[in-house]
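Engineer: Let me give you the structure first, and then I'll get to my questions.
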Amino acid sequence: MEPATVLSIGIGAILVAIAAFSIYTSFGPPSKELADPFDDHDD
């Protein structure tokens, strides 16, 4: 396999993993622990 193909697949896999982790953190069970700064400063 060409080194450029391996590098492209590796970079693509890393980007997909980061996106999946971000979505899981934002909308999954860990999102219950996130604080909303706008709710803290209610006027």
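Going through the structure tokens in order, the chains are called A, B, and so on, while each chain numbers its residues from 1 and the ligands are numbered from 1 in the order shown.
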I need the residues of chain A that end up classed as alpha helix (DSSP H) by DSSP on the backbone, written out as a list in words.
Structural biologist: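 Those in chain A that DSSP calls alpha helix (DSSP H) are Pro3, Ala4, Thr5, Val6, Leu7, Ser8, Ile9, Gly10, Ile11, Gly12, Ala13, Ile14, Leu15, Val16, Ala17, Ile18, Ala19, Ala20, Phe21, Ser22, Ile23, Tyr24, Thr25, Ser26, Phe27, Pro37, Phe38, Asp39 and Asp40 of chain A.
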Engineer: Mind writing the picked residues with N, CA, C and O atoms as a CSV table (one decimal), in the first residue's frame?
Structural biologist:
chain,number,residue,atom,x,y,z
A,3,PRO,N,2.4,4.8,0.9
A,3,PRO,CA,2.5,5.6,2.2
A,3,PRO,C,1.5,6.7,2.2
A,3,PRO,O,0.9,7.0,3.3
A,4,ALA,N,1.2,7.4,1.1
A,4,ALA,CA,0.2,8.5,1.1
A,4,ALA,C,-1.2,8.0,1.4
A,4,ALA,O,-1.9,8.6,2.1
A,5,THR,N,-1.5,6.8,0.9
A,5,THR,CA,-2.8,6.2,1.2
A,5,THR,C,-3.0,5.9,2.7
A,5,THR,O,-4.0,6.1,3.3
A,6,VAL,N,-1.9,5.3,3.3
A,6,VAL,CA,-1.9,4.9,4.7
A,6,VAL,C,-2.1,6.2,5.5
A,6,VAL,O,-2.8,6.3,6.5
A,7,LEU,N,-1.3,7.2,5.2
A,7,LEU,CA,-1.4,8.5,5.9
A,7,LEU,C,-2.8,9.1,5.8
A,7,LEU,O,-3.4,9.6,6.7
A,8,SER,N,-3.4,9.1,4.6
A,8,SER,CA,-4.7,9.7,4.4
A,8,SER,C,-5.8,8.9,5.2
A,8,SER,O,-6.6,9.5,5.8
A,9,ILE,N,-5.7,7.6,5.2
A,9,ILE,CA,-6.6,6.8,6.0
A,9,ILE,C,-6.4,7.1,7.5
A,9,ILE,O,-7.4,7.2,8.2
A,10,GLY,N,-5.2,7.2,7.9
A,10,GLY,CA,-4.9,7.5,9.3
A,10,GLY,C,-5.5,8.8,9.7
A,10,GLY,O,-6.1,8.9,10.8
A,11,ILE,N,-5.2,9.8,8.9
A,11,ILE,CA,-5.7,11.2,9.3
A,11,ILE,C,-7.2,11.2,9.2
A,11,ILE,O,-7.9,11.8,10.1
A,12,GLY,N,-7.8,10.5,8.3
A,12,GLY,CA,-9.3,10.5,8.2
A,12,GLY,C,-9.9,9.8,9.4
A,12,GLY,O,-10.9,10.2,10.0
A,13,ALA,N,-9.3,8.7,9.8
A,13,ALA,CA,-9.7,7.9,11.0
A,13,ALA,C,-9.6,8.8,12.3
A,13,ALA,O,-10.5,8.8,13.1
A,14,ILE,N,-8.6,9.5,12.4
A,14,ILE,CA,-8.4,10.4,13.6
A,14,ILE,C,-9.5,11.5,13.6
A,14,ILE,O,-10.1,11.8,14.6
A,15,LEU,N,-9.7,12.1,12.4
A,15,LEU,CA,-10.8,13.1,12.4
A,15,LEU,C,-12.2,12.6,12.7
A,15,LEU,O,-12.9,13.2,13.4
A,16,VAL,N,-12.5,11.4,12.2
A,16,VAL,CA,-13.8,10.8,12.5
A,16,VAL,C,-13.9,10.5,14.0
A,16,VAL,O,-14.9,10.7,14.6
A,17,ALA,N,-12.8,10.0,14.6
A,17,ALA,CA,-12.8,9.7,16.0
A,17,ALA,C,-13.0,10.9,16.8
A,17,ALA,O,-13.8,10.9,17.8
A,18,ILE,N,-12.3,12.0,16.5
A,18,ILE,CA,-12.5,13.3,17.2
A,18,ILE,C,-13.9,13.8,17.1
A,18,ILE,O,-14.5,14.2,18.1
A,19,ALA,N,-14.5,13.7,15.9
A,19,ALA,CA,-15.9,14.2,15.7
A,19,ALA,C,-16.9,13.3,16.5
A,19,ALA,O,-17.8,13.8,17.1
A,20,ALA,N,-16.7,12.0,16.5
A,20,ALA,CA,-17.5,11.1,17.2
A,20,ALA,C,-17.5,11.4,18.7
A,20,ALA,O,-18.5,11.4,19.4
A,21,PHE,N,-16.2,11.6,19.2
A,21,PHE,CA,-16.1,11.9,20.6
A,21,PHE,C,-16.7,13.2,21.0
A,21,PHE,O,-17.4,13.3,22.1
A,22,SER,N,-16.6,14.2,20.1
A,22,SER,CA,-17.2,15.5,20.4
A,22,SER,C,-18.7,15.4,20.4
A,22,SER,O,-19.4,16.0,21.3
A,23,ILE,N,-19.3,14.7,19.5
A,23,ILE,CA,-20.8,14.5,19.5
A,23,ILE,C,-21.2,13.7,20.7
A,23,ILE,O,-22.2,14.1,21.4
A,24,TYR,N,-20.5,12.7,21.1
A,24,TYR,CA,-20.9,11.9,22.3
A,24,TYR,C,-20.8,12.8,23.6
A,24,TYR,O,-21.7,12.7,24.4
A,25,THR,N,-19.7,13.6,23.7
A,25,THR,CA,-19.6,14.5,24.8
A,25,THR,C,-20.7,15.5,24.9
A,25,THR,O,-21.2,15.9,25.9
A,26,SER,N,-21.1,16.0,23.7
A,26,SER,CA,-22.1,17.1,23.7
A,26,SER,C,-23.5,16.6,23.9
A,26,SER,O,-24.3,17.3,24.5
A,27,PHE,N,-23.9,15.5,23.4
A,27,PHE,CA,-25.2,15.0,23.4
A,27,PHE,C,-25.5,13.7,24.2
A,27,PHE,O,-26.6,13.4,24.5
A,37,PRO,N,-23.0,28.5,30.9
A,37,PRO,CA,-22.7,29.8,31.5
A,37,PRO,C,-23.8,30.9,31.4
A,37,PRO,O,-23.8,31.8,32.2
A,38,PHE,N,-24.7,30.7,30.5
A,38,PHE,CA,-25.8,31.7,30.4
A,38,PHE,C,-26.8,31.5,31.5
A,38,PHE,O,-27.5,32.4,31.9
A,39,ASP,N,-27.0,30.2,31.9
A,39,ASP,CA,-27.9,30.0,33.0
A,39,ASP,C,-27.3,30.5,34.4
A,39,ASP,O,-28.1,30.8,35.3
A,40,ASP,N,-26.0,30.5,34.5
A,40,ASP,CA,-25.4,31.0,35.7
A,40,ASP,C,-25.6,32.5,35.9
A,40,ASP,O,-25.6,32.9,37.1
